[in-house]
Amino acid sequence: LNALQLHGSESPERVAQLRARFGKPVWKALPVASASDVARAAAYAGAADLILFDAKTPKGALPGGMGLAFDCSLLAGYRGALPWGLAGGLNPTNVAEAIARTGAPLVDTSSGVESAPGVKDTDKITNFAFAVRLA
């Protein structure tokens with residue numbers, strides 16, 4: 001492993017514990033539906049190495065990988081204490097616009113490059129990477 005990516009309800013203290021225990025960078029995914037969700041990132045300064053802003057999933061659903069997007073304009077002009085990335089519903093057709101709207105230095109996708117649940121599509125992956133490079 002090169003890094004740990006956490007999508008649960010880990011506190012900053014827990015993130016710091018895992019970082020110290022495993023000696024690996026920790027990416028903390030934060031579910032976003034409002035500006036207050038974005039503001040929560042500040043609490044992870046010194047604990048996480050990167051914040052990954054992702055769409056908030058419905059109550060009772062597992063986090064991530066559902067193809068859900070959020071209003072990425074909430075991140076326009078974002079300047080936090082930590083490096084950050086954008087996730088949540090990104091696919092080959094919308095990733096360039098999301099980067100343009102937010103200035104995201106890093107993007108993450110999963111279901112956005114699948115042809116069926118859990119099945120990665122090489123053409124979609126290629127198109128996603130091409131769209132990112134053009135952004």
# chains A, B, ... in the order shown; residues from 1 in each chain; ligands from 1
$ residues_around --residues "A:Leu52" --least-positions-apart "3" --cutoff "10 Å" --atoms "only C-alpha atoms" --output "PyMOL selection string"
chain A and resi 5-7+27-32+41+55+83-88+106-108
$ residues_around --residues "A:Arg14" --least-positions-apart "5" --cutoff "10 Å" --atoms "only C-alpha atoms" --output "list in words"
Ser9, Arg19, Ala20, Ala47 and Ala48 of chain A
$ write_last_selection --atoms "C-alpha atoms" --output "PDB file, in the first residue's frame"
ATOM      1  CA  SER A   9     -16.685   8.404  10.265  1.00  0.00           C
ATOM      2  CA  ARG A  19      -1.200   7.388  10.123  1.00  0.00           C
ATOM      3  CA  ALA A  20       1.231   6.832  13.000  1.00  0.00           C
ATOM      4  CA  ALA A  47      -3.908  14.325  11.065  1.00  0.00           C
ATOM      5  CA  ALA A  48      -4.518  13.524   7.376  1.00  0.00           C
TER       6      ALA A  48
END
$ atom_distance --atom1 "atom CA of A:Ala42" --atom2 "atom CA of A:Gly77"
15.1 Å
$ residues_around --residues "stretch 116-123 of chain A" --least-positions-apart "5" --cutoff "12 Å" --atoms "only C-alpha atoms" --output "list in words"
Gly65, Met66, Gly67, Asn91, Pro92, Thr109, Ser110, Ser111, Phe128, Ala129 and Phe130 of chain A
$ write_last_selection --atoms "N, CA and C atoms" --output "compact mmCIF listing (two decimals), in the first residue's frame"
# COMPACT_ATOMS: atom_id res chain seq x y z
N GLY A 65 -18.53 5.22 -4.38
CA GLY A 65 -18.79 4.24 -5.43
C GLY A 65 -20.21 4.15 -5.91
N MET A 66 -21.03 5.15 -5.60
CA MET A 66 -22.44 5.09 -6.00
C MET A 66 -22.73 5.96 -7.22
N GLY A 67 -21.74 6.67 -7.73
CA GLY A 67 -21.94 7.52 -8.89
C GLY A 67 -22.68 8.81 -8.57
N ASN A 91 -17.03 11.20 -14.15
CA ASN A 91 -16.96 10.27 -15.27
C ASN A 91 -16.31 11.00 -16.45
N PRO A 92 -16.07 10.31 -17.55
CA PRO A 92 -15.39 10.95 -18.68
C PRO A 92 -16.09 12.19 -19.23
N THR A 109 -12.12 8.53 -9.29
CA THR A 109 -13.34 7.95 -9.85
C THR A 109 -13.38 6.46 -9.55
N SER A 110 -14.55 5.91 -9.58
CA SER A 110 -14.72 4.47 -9.44
C SER A 110 -15.86 4.03 -10.36
N SER A 111 -17.09 4.21 -9.90
CA SER A 111 -18.22 3.77 -10.71
C SER A 111 -18.35 4.56 -12.01
N PHE A 128 -11.60 8.99 -19.50
CA PHE A 128 -11.51 9.77 -18.27
C PHE A 128 -10.12 10.41 -18.17
N ALA A 129 -9.09 9.60 -18.37
CA ALA A 129 -7.72 10.12 -18.28
C ALA A 129 -7.48 11.19 -19.34
N PHE A 130 -7.99 11.01 -20.52
CA PHE A 130 -7.83 11.99 -21.59
C PHE A 130 -8.53 13.30 -21.21
$ atom_distance --atom1 "atom CA of A:Asn94" --atom2 "atom CA of A:Ala81"
26.7 Å
$ atom_distance --atom1 "atom CA of A:Ala96" --atom2 "atom CA of A:Asp49"
24.5 Å
$ select_by_dssp --residues "chain A" --states "alpha helix (DSSP H)" --output "MDAnalysis selection string"
chainID A and resid 12:22 35:39 95:102 122:134
$ select_by_dssp --residues "stretch 13-105 of chain A" --states "strand (DSSP E)" --output "list in words"
Val26, Trp27, Lys28, Ala29, Leu30, Pro31, Val32, Leu50, Ile51, Leu52, Phe53, Asp54, Ala55, Trp84, Gly85 and Leu86 of chain A
$ closest_residue --among "A:Val15, A:Ala43, A:Leu90, A:Val113" --to "A:Ala69" --atoms "only C-alpha atoms"
A:Leu90
$ closest_residue --among "A:Gly103, A:Gly112, A:Pro25, A:Gly46" --to "A:Cys72" --atoms "only C-alpha atoms"
A:Gly103
$ closest_residue --among "A:Val38, A:Ala3, A:Ala76, A:Phe22" --to "A:Ala98" --atoms "only C-alpha atoms"
A:Ala76
$ closest_residue --among "A:Thr126, A:Gly23, A:Thr57, A:Thr93" --to "A:Gly8" --atoms "only C-alpha atoms"
A:Thr57
$ residues_around --residues "A:Lys24" --least-positions-apart "6" --cutoff "9 Å" --atoms "only C-alpha atoms" --output "ChimeraX atom specification"
/A:1-4,18
$ write_last_selection --atoms "N, CA, C and O atoms" --output "PDB file, in the first residue's frame"
ATOM      1  N   LEU A   1       0.828  -1.187   0.000  1.00  0.00           N
ATOM      2  CA  LEU A   1       0.000   0.000   0.000  1.00  0.00           C
ATOM      3  C   LEU A   1       0.870   1.247   0.000  1.00  0.00           C
ATOM      4  O   LEU A   1       1.875   1.314   0.705  1.00  0.00           O
ATOM      5  N   ASN A   2       0.449   2.241  -0.757  1.00  0.00           N
ATOM      6  CA  ASN A   2       1.133   3.526  -0.766  1.00  0.00           C
ATOM      7  C   ASN A   2       0.451   4.536   0.139  1.00  0.00           C
ATOM      8  O   ASN A   2       1.068   5.503   0.574  1.00  0.00           O
ATOM      9  N   ALA A   3      -0.832   4.349   0.379  1.00  0.00           N
ATOM     10  CA  ALA A   3      -1.609   5.273   1.207  1.00  0.00           C
ATOM     11  C   ALA A   3      -2.858   4.566   1.700  1.00  0.00           C
ATOM     12  O   ALA A   3      -3.280   3.560   1.121  1.00  0.00           O
ATOM     13  N   LEU A   4      -3.453   5.106   2.759  1.00  0.00           N
ATOM     14  CA  LEU A   4      -4.736   4.623   3.262  1.00  0.00           C
ATOM     15  C   LEU A   4      -5.793   5.652   2.885  1.00  0.00           C
ATOM     16  O   LEU A   4      -5.594   6.846   3.103  1.00  0.00           O
ATOM     17  N   LEU A  18      -4.033   6.085  12.895  1.00  0.00           N
ATOM     18  CA  LEU A  18      -3.778   5.164  11.784  1.00  0.00           C
ATOM     19  C   LEU A  18      -2.542   5.588  10.997  1.00  0.00           C
ATOM     20  O   LEU A  18      -1.743   4.741  10.584  1.00  0.00           O
TER      21      LEU A  18
END
